[in-house]
>>> print(open('final_9.tsv').read())   # TSV, C-alpha atoms
chain	number	residue	atom	x	y	z
A	169	MET	CA	-28.57	-1.84	-12.39
A	170	SER	CA	-26.51	-4.57	-14.00
A	171	LEU	CA	-24.00	-5.31	-11.30
A	172	TYR	CA	-23.45	-8.78	-12.66
A	173	ASN	CA	-22.32	-7.44	-16.04
A	174	LEU	CA	-20.26	-4.69	-14.46
A	175	GLN	CA	-18.41	-7.17	-12.26
A	176	LYS	CA	-17.99	-9.54	-15.17
A	177	PHE	CA	-16.33	-6.79	-17.18
A	178	LEU	CA	-13.82	-6.22	-14.38
A	179	TYR	CA	-13.37	-9.94	-13.65
A	180	GLU	CA	-12.45	-10.60	-17.28
A	181	LEU	CA	-10.24	-7.51	-17.44
A	182	ASN	CA	-8.41	-8.50	-14.27
A	183	ARG	CA	-7.48	-11.97	-15.46
A	184	ASP	CA	-6.80	-11.54	-19.17
A	185	GLU	CA	-3.86	-9.58	-20.52
A	186	SER	CA	-5.36	-9.42	-24.03
A	187	ILE	CA	-8.45	-7.73	-22.61
A	188	GLN	CA	-6.18	-5.37	-20.68
A	189	SER	CA	-4.59	-4.42	-24.02
A	190	GLN	CA	-8.03	-3.81	-25.53
A	191	TYR	CA	-8.94	-1.66	-22.53
A	192	LYS	CA	-5.90	0.53	-23.15
A	193	GLU	CA	-6.41	0.68	-26.92
A	194	ASP	CA	-10.12	1.46	-27.10
A	195	ILE	CA	-12.20	1.16	-23.98
A	196	ASP	CA	-15.42	2.05	-25.82
A	197	VAL	CA	-15.14	-1.02	-28.03
A	198	LEU	CA	-14.63	-3.16	-24.96
A	199	ILE	CA	-17.52	-1.53	-23.09
A	200	SER	CA	-19.84	-2.09	-26.07
A	201	LYS	CA	-19.47	-5.86	-25.60
A	202	TYR	CA	-21.23	-5.72	-22.23
A	203	THR	CA	-24.78	-4.66	-21.34
A	204	LEU	CA	-24.11	-1.80	-18.97
A	205	THR	CA	-25.97	1.32	-17.87
A	206	GLU	CA	-24.66	4.75	-18.80
A	207	GLU	CA	-23.60	5.29	-15.19
A	208	GLU	CA	-21.65	2.04	-15.15
A	209	SER	CA	-20.05	2.73	-18.53
A	210	ASP	CA	-19.02	6.22	-17.44
A	211	ALA	CA	-17.58	4.87	-14.19
A	212	LEU	CA	-15.43	2.46	-16.22
A	213	ARG	CA	-14.34	5.11	-18.72
A	214	GLU	CA	-13.29	7.37	-15.89
A	215	GLY	CA	-11.83	4.64	-13.69
A	216	ASP	CA	-14.12	5.96	-10.94
A	217	ILE	CA	-13.26	3.63	-8.07
A	218	GLY	CA	-15.60	5.39	-5.64
A	219	LEU	CA	-18.66	5.07	-7.85
A	220	LEU	CA	-17.85	1.47	-8.77
A	221	TYR	CA	-17.69	0.66	-5.06
A	222	VAL	CA	-21.06	2.33	-4.43
A	223	LEU	CA	-22.56	0.45	-7.39
A	224	GLY	CA	-21.65	-2.72	-5.51
A	225	VAL	CA	-18.48	-4.03	-7.12
A	226	ASN	CA	-16.83	-6.52	-4.76
A	227	GLY	CA	-13.61	-5.17	-3.30
A	228	GLN	CA	-11.78	-8.32	-4.32
A	229	ILE	CA	-12.50	-7.38	-7.93
A	230	LEU	CA	-12.18	-3.63	-7.47
A	231	MET	CA	-8.84	-3.80	-5.63
A	232	HIS	CA	-7.20	-5.51	-8.60
A	233	TYR	CA	-8.72	-3.05	-11.06
A	234	ALA	CA	-7.33	-0.20	-8.94
A	235	ALA	CA	-3.89	-1.83	-8.96
A	236	PHE	CA	-4.19	-2.20	-12.76
A	237	LEU	CA	-4.91	1.54	-12.98
A	238	GLY	CA	-1.84	2.22	-10.84
A	239	VAL	CA	-3.81	3.56	-7.88
A	240	GLU	CA	-1.75	3.44	-4.68
A	241	TRP	CA	-3.16	1.51	-1.71
A	242	PHE	CA	-4.19	4.41	0.52
A	243	ASP	CA	-5.53	6.35	-2.47
A	244	TYR	CA	-7.65	3.31	-3.29
A	245	LEU	CA	-9.17	3.33	0.21
A	246	ASP	CA	-9.74	7.10	0.01
A	247	LYS	CA	-11.45	6.84	-3.36
A	248	MET	CA	-14.01	4.38	-1.95
A	249	ARG	CA	-14.66	6.71	0.99
A	250	GLU	CA	-15.10	9.63	-1.40
A	251	GLY	CA	-17.50	7.51	-3.42
A	252	ILE	CA	-19.69	7.01	-0.37
A	253	ASN	CA	-19.57	10.72	0.42
A	254	ASP	CA	-20.47	11.67	-3.15
A	255	HIS	CA	-23.00	8.97	-4.02
A	256	GLY	CA	-24.30	7.57	-0.72
A	257	ALA	CA	-24.34	4.04	0.64
A	258	VAL	CA	-23.45	0.94	-1.34
A	259	ARG	CA	-26.48	0.10	-3.48
A	260	ASP	CA	-26.08	-3.57	-4.31
A	261	GLY	CA	-23.89	-6.62	-3.87
A	262	VAL	CA	-22.40	-8.17	-0.78
A	263	TYR	CA	-21.70	-4.88	1.02
A	264	ALA	CA	-25.40	-4.01	0.90
A	265	MET	CA	-26.11	-7.30	2.65
A	266	THR	CA	-26.84	-5.74	6.03
A	267	GLY	CA	-27.67	-2.20	7.04
A	268	GLY	CA	-28.53	-1.23	3.49
A	269	GLY	CA	-24.84	-0.76	2.82
A	270	LYS	CA	-24.66	1.98	5.44
A	271	SER	CA	-22.55	0.14	7.97
A	272	PHE	CA	-19.25	1.33	6.60
A	273	THR	CA	-20.24	4.99	6.46
A	274	THR	CA	-21.65	4.75	9.97
A	275	GLU	CA	-18.44	3.28	11.25
A	276	GLU	CA	-16.45	5.96	9.50
A	277	ASP	CA	-18.53	8.62	11.28
A	278	ASP	CA	-17.93	6.92	14.61
A	279	ARG	CA	-14.18	7.10	14.31
B	277	MET	CA	-2.23	-42.76	7.26
B	278	SER	CA	-0.93	-40.55	4.51
B	279	LEU	CA	-2.13	-37.22	5.77
B	280	VAL	CA	1.05	-36.06	7.46
B	281	TYR	CA	0.35	-32.42	8.32
B	282	THR	CA	-2.62	-30.09	8.68
B	283	GLY	CA	-2.44	-26.44	9.56
B	284	VAL	CA	-3.85	-23.02	8.83
B	285	LEU	CA	-2.33	-19.69	7.94
B	286	SER	CA	-3.54	-16.28	6.91
B	287	HIS	CA	-3.30	-14.90	3.43
B	288	ALA	CA	-3.61	-11.31	2.27
B	289	PRO	CA	-1.87	-9.37	-0.47
B	290	GLY	CA	-0.46	-6.94	2.08
B	291	ILE	CA	1.51	-9.70	3.83
B	292	THR	CA	3.98	-9.56	0.98
B	293	GLY	CA	2.95	-6.48	-1.01
B	294	ARG	CA	2.84	-4.01	1.86
B	295	ALA	CA	5.61	-5.50	4.00
B	296	HIS	CA	7.60	-2.29	3.62
B	297	MET	CA	4.72	-0.19	4.98
B	298	VAL	CA	4.53	-2.00	8.34
B	299	GLU	CA	5.12	0.14	11.43
B	300	ASN	CA	5.45	-2.72	13.92
B	301	THR	CA	8.31	-4.50	12.16
B	302	GLU	CA	9.08	-6.62	15.21
B	303	LYS	CA	5.59	-8.16	15.12
B	304	ARG	CA	5.81	-8.58	11.35
B	305	ASP	CA	9.06	-10.48	11.68
B	306	GLU	CA	7.59	-12.69	14.42
B	307	PHE	CA	4.80	-13.55	12.00
B	308	TYR	CA	7.26	-14.33	9.21
B	309	ALA	CA	9.27	-16.50	11.65
B	310	ALA	CA	6.13	-18.46	12.55
B	311	LEU	CA	5.49	-19.04	8.85
B	312	GLU	CA	9.09	-20.19	8.39
B	313	GLN	CA	8.62	-22.63	11.27
B	314	GLN	CA	5.46	-23.91	9.59
B	315	ARG	CA	7.47	-24.47	6.41
B	316	ARG	CA	10.07	-26.45	8.35
B	317	ASP	CA	7.37	-28.50	10.09
B	318	ILE	CA	5.91	-29.43	6.72
B	319	VAL	CA	9.34	-30.34	5.28
B	320	GLU	CA	9.97	-32.56	8.31
B	321	THR	CA	6.85	-34.59	7.55
B	322	LYS	CA	8.32	-35.49	4.14
B	323	ALA	CA	5.17	-34.28	2.45
B	324	GLU	CA	5.15	-35.11	-1.26
B	325	ALA	CA	2.33	-32.74	-2.11
B	326	ILE	CA	0.50	-29.90	-0.43
B	327	ILE	CA	-3.21	-29.27	-0.62
B	328	VAL	CA	-3.99	-25.59	-0.20
B	329	ILE	CA	-7.60	-25.01	0.83
B	330	ALA	CA	-8.13	-21.47	-0.34
B	331	ALA	CA	-10.82	-18.86	-0.79
B	332	GLU	CA	-9.86	-17.38	-4.11
B	333	HIS	CA	-10.94	-13.92	-5.09
B	334	PHE	CA	-12.52	-14.01	-8.56
B	335	ALA	CA	-9.32	-15.02	-10.30
B	336	ASN	CA	-10.89	-18.20	-11.72
B	337	PHE	CA	-14.44	-18.54	-10.54
B	338	PHE	CA	-17.24	-16.09	-11.14
B	339	MET	CA	-20.98	-15.94	-10.68
B	340	ASN	CA	-21.55	-17.44	-14.13
B	341	ASN	CA	-20.67	-20.92	-12.87
B	342	MET	CA	-19.53	-20.72	-9.27
B	343	PRO	CA	-18.49	-24.01	-7.67
B	344	ALA	CA	-18.99	-24.38	-3.94
B	345	TYR	CA	-15.91	-26.63	-3.92
B	346	CYS	CA	-13.29	-27.17	-6.57
B	347	VAL	CA	-10.14	-29.31	-6.67
B	348	GLY	CA	-7.26	-28.51	-9.01
B	349	ILE	CA	-6.00	-31.41	-11.10
B	350	GLY	CA	-3.81	-29.43	-13.48
B	351	GLU	CA	-0.25	-30.30	-14.54
B	352	SER	CA	0.92	-26.86	-13.49
B	353	TYR	CA	-0.39	-23.45	-12.56
B	354	GLU	CA	0.61	-19.86	-13.21
B	355	GLY	CA	0.67	-17.17	-10.58
B	356	PRO	CA	0.32	-14.64	-9.27
B	357	ILE	CA	-2.50	-13.27	-11.38
B	358	GLU	CA	-1.95	-9.88	-9.75
B	359	ASP	CA	0.67	-7.36	-10.75
B	360	PRO	CA	3.91	-8.92	-9.41
B	361	GLU	CA	5.23	-5.59	-8.19
B	362	TRP	CA	1.99	-4.85	-6.32
B	363	LEU	CA	2.10	-8.28	-4.64
B	364	ALA	CA	5.90	-8.43	-4.38
B	365	ILE	CA	5.85	-11.99	-5.72
B	366	GLU	CA	7.34	-12.77	-9.12
B	367	LYS	CA	5.24	-14.54	-11.73
B	368	THR	CA	6.15	-18.20	-11.82
B	369	THR	CA	4.99	-21.70	-12.71
B	370	ILE	CA	3.89	-23.96	-9.87
B	371	PRO	CA	3.88	-27.75	-10.28
B	372	GLY	CA	0.55	-29.53	-9.86
B	373	ALA	CA	-0.17	-33.15	-8.96
B	374	PRO	CA	-2.73	-34.23	-11.57
B	375	ASP	CA	-2.66	-37.96	-10.95
B	376	LEU	CA	-2.92	-37.63	-7.18
B	377	GLY	CA	-5.51	-34.88	-7.55
B	378	LYS	CA	-7.72	-37.11	-9.71
B	379	ARG	CA	-7.46	-40.04	-7.30
B	380	LEU	CA	-8.35	-37.80	-4.37
B	381	THR	CA	-11.23	-36.26	-6.28
B	382	ARG	CA	-12.74	-39.65	-7.08
B	383	ILE	CA	-12.73	-40.58	-3.40
B	384	ILE	CA	-14.09	-37.19	-2.28
B	385	MET	CA	-16.93	-37.61	-4.79
B	386	GLU	CA	-18.12	-40.68	-2.91
B	387	THR	CA	-19.57	-38.32	-0.31
B	388	VAL	CA	-19.28	-34.71	-1.49
B	389	ASP	CA	-20.01	-33.24	-4.91
B	390	VAL	CA	-16.95	-31.31	-5.99
B	391	SER	CA	-16.02	-29.72	-9.25
B	392	TYR	CA	-12.51	-29.98	-10.59
B	393	SER	CA	-10.35	-27.90	-12.85
B	394	GLU	CA	-7.23	-28.45	-14.93
B	395	GLU	CA	-6.82	-24.69	-15.23
B	396	TRP	CA	-6.20	-22.37	-12.35
B	397	LYS	CA	-4.54	-18.99	-12.07
B	398	PHE	CA	-3.25	-18.57	-8.56
B	399	ASP	CA	-4.04	-15.28	-6.86
B	400	HIS	CA	-2.60	-13.92	-3.61
B	401	GLY	CA	-4.83	-16.32	-1.67
B	402	ILE	CA	-2.57	-19.20	-2.71
B	403	MET	CA	0.60	-17.36	-3.77
B	404	VAL	CA	1.19	-15.69	-0.41
B	405	PRO	CA	1.06	-19.01	1.49
B	406	LEU	CA	3.28	-20.70	-1.12
B	407	ASN	CA	5.71	-17.80	-0.98
B	408	PHE	CA	6.39	-18.75	2.65
B	409	LEU	CA	5.75	-22.51	2.69
B	410	THR	CA	7.42	-23.60	-0.55
B	411	PRO	CA	9.37	-20.57	-1.74
B	412	ASN	CA	11.22	-22.53	-4.42
B	413	TYR	CA	7.93	-23.88	-5.81
B	414	ASP	CA	9.33	-27.40	-5.77
B	415	LEU	CA	6.49	-29.10	-3.89
B	416	PRO	CA	3.52	-30.19	-6.04
B	417	VAL	CA	0.41	-28.24	-5.14
B	418	ILE	CA	-3.23	-29.30	-5.25
B	419	PRO	CA	-5.32	-26.16	-5.01
B	420	VAL	CA	-8.74	-26.53	-3.45
B	421	ASN	CA	-11.24	-23.72	-3.45
B	422	ILE	CA	-14.22	-23.01	-1.29
B	423	ASN	CA	-16.41	-20.18	-2.54
B	424	CYS	CA	-16.21	-17.61	0.25
B	425	GLN	CA	-16.74	-14.54	-1.96
B	426	GLY	CA	-19.92	-14.71	-4.00
B	427	PRO	CA	-23.04	-15.66	-2.00
B	428	PRO	CA	-24.92	-17.95	-1.77
B	429	LEU	CA	-22.05	-19.67	0.07
B	430	THR	CA	-21.78	-23.28	1.14
B	431	PRO	CA	-23.09	-23.84	4.68
B	432	LEU	CA	-20.49	-24.40	7.39
B	433	HIS	CA	-21.62	-27.97	8.08
B	434	ARG	CA	-20.90	-28.77	4.43
B	435	ALA	CA	-17.43	-27.25	4.78
B	436	TRP	CA	-16.92	-29.62	7.71
B	437	ALA	CA	-18.16	-32.57	5.67
B	438	PHE	CA	-15.84	-31.56	2.86
B	439	GLY	CA	-12.91	-31.56	5.30
B	440	GLU	CA	-13.83	-35.05	6.45
B	441	ALA	CA	-14.06	-36.18	2.82
B	442	LEU	CA	-10.63	-34.72	2.11
B	443	ARG	CA	-9.26	-36.65	5.06
B	444	ARG	CA	-10.81	-39.93	3.92
B	445	ALA	CA	-9.33	-39.38	0.49
B	446	CYS	CA	-5.84	-38.56	1.78
B	447	ASP	CA	-5.87	-41.67	3.96
B	448	GLN	CA	-6.60	-43.90	0.98
B	449	VAL	CA	-3.61	-42.90	-1.12
B	450	PRO	CA	0.03	-43.80	-0.43
B	451	GLU	CA	1.56	-40.34	-0.87
B	452	ASN	CA	2.45	-38.16	2.11
B	453	ILE	CA	0.16	-35.16	1.94
B	454	ALA	CA	0.14	-31.87	3.82
B	455	ILE	CA	-3.00	-29.79	4.03
B	456	VAL	CA	-3.12	-26.09	4.83
B	457	GLY	CA	-6.25	-24.03	5.06
B	458	THR	CA	-5.75	-20.38	4.27
B	459	GLY	CA	-8.21	-17.64	4.95
B	460	GLY	CA	-8.84	-14.79	7.22
B	461	ILE	CA	-10.90	-14.60	10.35
B	462	SER	CA	-12.49	-11.16	10.86
B	463	HIS	CA	-11.46	-8.67	8.23
B	464	TRP	CA	-12.87	-6.16	5.81
B	465	PRO	CA	-10.52	-6.62	2.88
B	466	ALA	CA	-10.39	-4.21	-0.04
B	467	THR	CA	-13.09	-1.99	1.45
B	468	PRO	CA	-12.94	1.41	3.15
B	469	ASP	CA	-12.66	-0.47	6.44
B	470	SER	CA	-9.57	-2.37	5.35
B	471	GLY	CA	-7.31	-2.74	8.37
B	472	LYS	CA	-10.15	-3.18	10.83
B	473	ILE	CA	-9.86	-6.44	12.80
B	474	ASN	CA	-12.28	-7.69	15.48
B	475	GLU	CA	-9.69	-9.28	17.73
B	476	ALA	CA	-12.19	-10.57	20.30
B	477	TRP	CA	-14.17	-12.32	17.57
B	478	ASP	CA	-10.98	-13.78	16.14
B	479	ARG	CA	-9.83	-15.12	19.51
B	480	GLU	CA	-13.22	-16.68	20.21
B	481	PHE	CA	-13.17	-18.36	16.80
B	482	LEU	CA	-9.60	-19.56	17.33
B	483	ASP	CA	-10.55	-21.00	20.73
B	484	ARG	CA	-13.30	-23.00	19.09
B	485	LEU	CA	-10.97	-24.06	16.29
B	486	MET	CA	-8.10	-25.10	18.56
B	487	ASN	CA	-10.50	-27.04	20.80
B	488	HIS	CA	-11.98	-28.85	17.80
B	489	ASP	CA	-15.37	-27.70	19.05
B	490	LYS	CA	-17.41	-28.72	16.03
B	491	GLU	CA	-20.76	-27.63	17.41
B	492	ALA	CA	-19.51	-24.16	18.32
B	493	LEU	CA	-17.69	-23.77	15.00
B	494	LEU	CA	-20.75	-24.67	12.99
B	495	SER	CA	-23.03	-22.37	15.00
B	496	TYR	CA	-21.93	-19.20	13.19
B	497	ASN	CA	-24.29	-17.82	10.56
B	498	ASP	CA	-23.34	-15.57	7.67
B	499	GLU	CA	-25.43	-12.58	8.72
B	500	ASP	CA	-23.79	-12.40	12.15
B	501	THR	CA	-20.39	-13.13	10.65
B	502	TYR	CA	-20.79	-10.31	8.15
B	503	ARG	CA	-21.83	-7.90	10.91
B	504	ASP	CA	-19.07	-8.85	13.36
B	505	ALA	CA	-16.28	-10.12	11.13
B	506	GLY	CA	-16.88	-8.50	7.75
B	507	GLN	CA	-17.04	-10.09	4.35
B	508	GLY	CA	-13.59	-11.56	5.00
B	509	GLY	CA	-15.09	-13.53	7.89
B	510	PHE	CA	-16.79	-15.82	5.36
B	511	GLU	CA	-13.33	-17.32	4.84
B	512	ILE	CA	-13.58	-19.17	8.16
B	513	ARG	CA	-14.80	-21.99	5.92
B	514	THR	CA	-11.22	-22.78	4.92
B	515	PHE	CA	-10.10	-23.02	8.55
B	516	ILE	CA	-13.12	-25.13	9.50
B	517	THR	CA	-12.46	-27.52	6.61
B	518	ALA	CA	-8.82	-27.91	7.68
B	519	ALA	CA	-9.89	-28.63	11.28
B	520	ALA	CA	-12.37	-31.26	10.08
B	521	ALA	CA	-9.68	-32.89	7.94
B	522	ALA	CA	-7.26	-33.01	10.89
B	523	GLY	CA	-9.78	-34.39	13.34
B	524	GLY	CA	-7.85	-33.22	16.40
B	525	LYS	CA	-7.11	-30.22	18.55
B	526	GLY	CA	-4.97	-27.37	17.35
B	527	ASP	CA	-1.83	-25.60	18.45
B	528	LEU	CA	-2.03	-21.84	17.88
B	529	GLN	CA	1.52	-20.90	17.03
B	530	PHE	CA	0.93	-17.25	16.21
B	531	TYR	CA	-1.84	-14.70	16.19
B	532	THR	CA	-1.77	-10.93	16.11
B	533	ALA	CA	-4.19	-8.14	15.31
B	534	GLU	CA	-1.35	-5.65	15.44
B	535	LEU	CA	-0.52	-5.59	11.75
B	536	PRO	CA	-3.50	-3.70	10.32
B	537	ILE	CA	-1.62	-2.77	7.15
B	538	PHE	CA	-1.94	-6.46	6.24
B	539	ALA	CA	-5.74	-6.01	6.54
B	540	VAL	CA	-6.17	-9.28	8.41
B	541	GLY	CA	-5.39	-10.78	11.80
B	542	CYS	CA	-2.33	-12.91	11.19
B	543	THR	CA	-2.64	-16.56	12.19
B	544	VAL	CA	-0.42	-19.63	12.06
B	545	ALA	CA	-1.57	-22.92	13.61
B	546	SER	CA	-1.28	-26.66	13.21
B	547	PHE	CA	-3.59	-29.48	14.23
B	548	CYS	CA	-3.17	-32.91	15.76
B	549	LEU	CA	-4.17	-35.61	13.32
B	550	SER	CA	-6.56	-38.07	14.87
>>> encode(input="final_9.tsv", output="structure tokens")
Amino acid sequence: MSLYNLQKFLYELNRDESIQSQYKEDIDVLISKYTLTEEESDALREGDIGLLYVLGVNGQILMHYAAFLGVEWFDYLDKMREGINDHGAVRDGVYAMTGGGKSFTTEEDDR
Amino acid sequence: MSLVYTGVLSHAPGITGRAHMVENTEKRDEFYAALEQQRRDIVETKAEAIIVIAAEHFANFFMNNMPAYCVGIGESYEGPIEDPEWLAIEKTTIPGAPDLGKRLTRIIMETVDVSYSEEWKFDHGIMVPLNFLTPNYDLPVIPVNINCQGPPLTPLHRAWAFGEALRRACDQVPENIAIVGTGGISHWPATPDSGKINEAWDREFLDRLMNHDKEALLSYNDEDTYRDAGQGGFEIRTFITAAAAAGGKGDLQFYTAELPIFAVGCTVASFCLS
């Protein structure tokens, strides 16, 4: 796990148009500048919002990345839910703070 | 006394960006009207600058060097950092108040350690309030940030002390200054539970806030807040700081939990200055 590096990648992408250009030109070059796991790198290459959420990326970072990718609001919410279904509870970060990250899935089941 | 106005209001990207997706348009328009009244109230005070106590969302500050508190002393600021179409706010330049900001910061530093920044990219946390309160961007802005996003977070009693320090600083300069705190109460922003609002928790918090009940306000802890009010609940720090700066009871001008597409309970309030 290198959630710090993963979030830093997205933080820098979100706030810097020159990095956004690099992302569009050659994402592999950009990814190579950060120490990331294969899973994290793949999630970025594929723009996998659901997996990034499960890996622990803060929604305040992830939401802007989703907007950058052109993901519509309700699709963004669905992708996070699908991520939990496919990969399980949030593993790290602020959403794993209580309940081992399971609170959201539990609440979803209760609805 | 040069603090002429203190209030609070909600921010959220949906308030502007998803306005067209609202089902309860009557409630939405009531909220917008309350914000317009807040704008007029601030204009009436002849405020020469506005301090926006915000809880920014990784637009400027990250876990490589996260300040608990930061005051903006830049000449000007750019915003929004988000896609303008997504936020429904055009990119613009916002005037700062560098000289005033530096004088305030020096006084705040007598009692509270703050960082300062001459660079700041405004995100929705500041742009949405400004969109309603100074839509022509002609009022100098001093952004103030409290880290409410990346734990460890500043304790609530320090947020209170910071509010008192802000007040002392404002009262020692000649300019008329308005302060607004902008945050959310309970909300689960940008998560699968976006749209969920714990109205009972919000109303209890607002009761404490309006009654200037310092002891009750400072009795929350982050674990309970996270459980009952979500990650967004950490932003009560901005409201608590505003209340401490005002020093008096509040007047709740608007609250609703009936606009879930905004992903936050929508609040507008002002405080007596005492």
>>> residues_around(input="final_9.tsv", residues="Ile357 of chain B", least_positions_apart="2", cutoff="12 Å", atoms="all atoms listed in the file", output="JSON, numbers by chain")
{"A": [179, 180, 181, 182, 183, 184, 185, 232, 233, 235, 236], "B": [289, 332, 333, 334, 335, 336, 353, 354, 355, 359, 360, 361, 362, 363, 364, 365, 366, 367, 368, 369, 396, 397, 398, 399, 400, 401, 402, 403, 404]}
>>> interface_residues(input="final_9.tsv", of="chain A", to="chain B", cutoff="7 Å", atoms="only C-alpha atoms", output="PDB file with C-alpha atoms, in the coordinates of the input")
ATOM      1  CA  TYR A 179     -13.370  -9.940 -13.650  1.00  0.00           C
ATOM      2  CA  ARG A 183      -7.480 -11.970 -15.460  1.00  0.00           C
ATOM      3  CA  GLY A 227     -13.610  -5.170  -3.300  1.00  0.00           C
ATOM      4  CA  GLN A 228     -11.780  -8.320  -4.320  1.00  0.00           C
ATOM      5  CA  ILE A 229     -12.500  -7.380  -7.930  1.00  0.00           C
ATOM      6  CA  MET A 231      -8.840  -3.800  -5.630  1.00  0.00           C
ATOM      7  CA  HIS A 232      -7.200  -5.510  -8.600  1.00  0.00           C
ATOM      8  CA  LEU A 245      -9.170   3.330   0.210  1.00  0.00           C
ATOM      9  CA  MET A 248     -14.010   4.380  -1.950  1.00  0.00           C
ATOM     10  CA  ARG A 249     -14.660   6.710   0.990  1.00  0.00           C
ATOM     11  CA  PHE A 272     -19.250   1.330   6.600  1.00  0.00           C
TER      12      PHE A 272
END
>>> residues_around(input="final_9.tsv", residues="segment 413-422 of chain B", least_positions_apart="4", cutoff="8 Å", atoms="all atoms listed in the file", output="ChimeraX atom specification")
/B:324-332,343-349,369-373,377,402,406,430,513-514
>>> atom_distance(input="final_9.tsv", atom1="atom CA of Glu240 of chain A", atom2="atom CA of Val225 of chain A")
18.5 Å
>>> atom_distance(input="final_9.tsv", atom1="atom CA of Val388 of chain B", atom2="atom CA of Asp483 of chain B")
27.5 Å
>>> atom_distance(input="final_9.tsv", atom1="atom CA of Gly218 of chain A", atom2="atom CA of Asp243 of chain A")
10.6 Å
>>> residues_around(input="final_9.tsv", residues="Ala505 of chain B", least_positions_apart="2", cutoff="12 Å", atoms="all atoms listed in the file", output="JSON, numbers by chain")
{"B": [460, 461, 462, 463, 464, 465, 469, 470, 471, 472, 473, 474, 475, 476, 477, 478, 479, 480, 481, 496, 497, 498, 499, 500, 501, 502, 503, 507, 508, 509, 510, 511, 512, 540, 541]}
>>> residues_near_point(input="final_9.tsv", point="(-2.2, -37.7, 2.9)", cutoff="10 Å", atoms="only C-alpha atoms", output="PyMOL selection string")
chain B and resi 277-282+323-327+380+442-455
>>> residues_around(input="final_9.tsv", residues="segment 198-210 of chain A", least_positions_apart="4", cutoff="7 Å", atoms="all atoms listed in the file", output="list in words")
Met169, Ser170, Asn173, Leu174, Gln190, Tyr191, Asp194 and Glu214 of chain A
>>> closest_residue(input="final_9.tsv", among="A:Ala264, A:Lys176, A:Leu237, A:Arg213", to="Gln188 of chain A", atoms="all atoms listed in the file")
A:Leu237
>>> build_atoms(input="final_9.tsv", residues="segment 353-366 of chain B", atoms="N, CA and C atoms", output="PDB file, in the coordinates of the input")
ATOM      1  N   TYR B 353       0.427 -24.647 -12.736  1.00  0.00           N
ATOM      2  CA  TYR B 353      -0.390 -23.450 -12.560  1.00  0.00           C
ATOM      3  C   TYR B 353       0.504 -22.224 -12.711  1.00  0.00           C
ATOM      4  N   GLU B 354      -0.116 -21.124 -13.111  1.00  0.00           N
ATOM      5  CA  GLU B 354       0.610 -19.860 -13.210  1.00  0.00           C
ATOM      6  C   GLU B 354       0.157 -18.942 -12.085  1.00  0.00           C
ATOM      7  N   GLY B 355       1.051 -18.152 -11.594  1.00  0.00           N
ATOM      8  CA  GLY B 355       0.670 -17.170 -10.580  1.00  0.00           C
ATOM      9  C   GLY B 355       1.841 -16.267 -10.276  1.00  0.00           C
ATOM     10  N   PRO B 356       1.633 -15.140  -9.652  1.00  0.00           N
ATOM     11  CA  PRO B 356       0.320 -14.640  -9.270  1.00  0.00           C
ATOM     12  C   PRO B 356      -0.398 -13.970 -10.441  1.00  0.00           C
ATOM     13  N   ILE B 357      -1.717 -13.942 -10.357  1.00  0.00           N
ATOM     14  CA  ILE B 357      -2.500 -13.270 -11.380  1.00  0.00           C
ATOM     15  C   ILE B 357      -2.372 -11.750 -11.224  1.00  0.00           C
ATOM     16  N   GLU B 358      -2.066 -11.317 -10.011  1.00  0.00           N
ATOM     17  CA  GLU B 358      -1.950  -9.880  -9.750  1.00  0.00           C
ATOM     18  C   GLU B 358      -0.631  -9.333 -10.299  1.00  0.00           C
ATOM     19  N   ASP B 359      -0.566  -8.024 -10.369  1.00  0.00           N
ATOM     20  CA  ASP B 359       0.670  -7.360 -10.750  1.00  0.00           C
ATOM     21  C   ASP B 359       1.778  -7.795  -9.780  1.00  0.00           C
ATOM     22  N   PRO B 360       2.867  -8.365 -10.300  1.00  0.00           N
ATOM     23  CA  PRO B 360       3.910  -8.920  -9.410  1.00  0.00           C
ATOM     24  C   PRO B 360       4.543  -7.864  -8.506  1.00  0.00           C
ATOM     25  N   GLU B 361       4.632  -6.659  -9.014  1.00  0.00           N
ATOM     26  CA  GLU B 361       5.230  -5.590  -8.190  1.00  0.00           C
ATOM     27  C   GLU B 361       4.290  -5.224  -7.042  1.00  0.00           C
ATOM     28  N   TRP B 362       3.002  -5.183  -7.336  1.00  0.00           N
ATOM     29  CA  TRP B 362       1.990  -4.850  -6.320  1.00  0.00           C
ATOM     30  C   TRP B 362       1.981  -5.903  -5.216  1.00  0.00           C
ATOM     31  N   LEU B 363       2.138  -7.181  -5.611  1.00  0.00           N
ATOM     32  CA  LEU B 363       2.100  -8.280  -4.640  1.00  0.00           C
ATOM     33  C   LEU B 363       3.484  -8.606  -4.086  1.00  0.00           C
ATOM     34  N   ALA B 364       4.520  -8.108  -4.751  1.00  0.00           N
ATOM     35  CA  ALA B 364       5.900  -8.430  -4.380  1.00  0.00           C
ATOM     36  C   ALA B 364       6.180  -9.931  -4.449  1.00  0.00           C
ATOM     37  N   ILE B 365       5.557 -10.588  -5.426  1.00  0.00           N
ATOM     38  CA  ILE B 365       5.850 -11.990  -5.720  1.00  0.00           C
ATOM     39  C   ILE B 365       5.974 -12.107  -7.244  1.00  0.00           C
ATOM     40  N   GLU B 366       7.090 -12.632  -7.687  1.00  0.00           N
ATOM     41  CA  GLU B 366       7.340 -12.770  -9.120  1.00  0.00           C
ATOM     42  C   GLU B 366       6.381 -13.771  -9.754  1.00  0.00           C
TER      43      GLU B 366
END
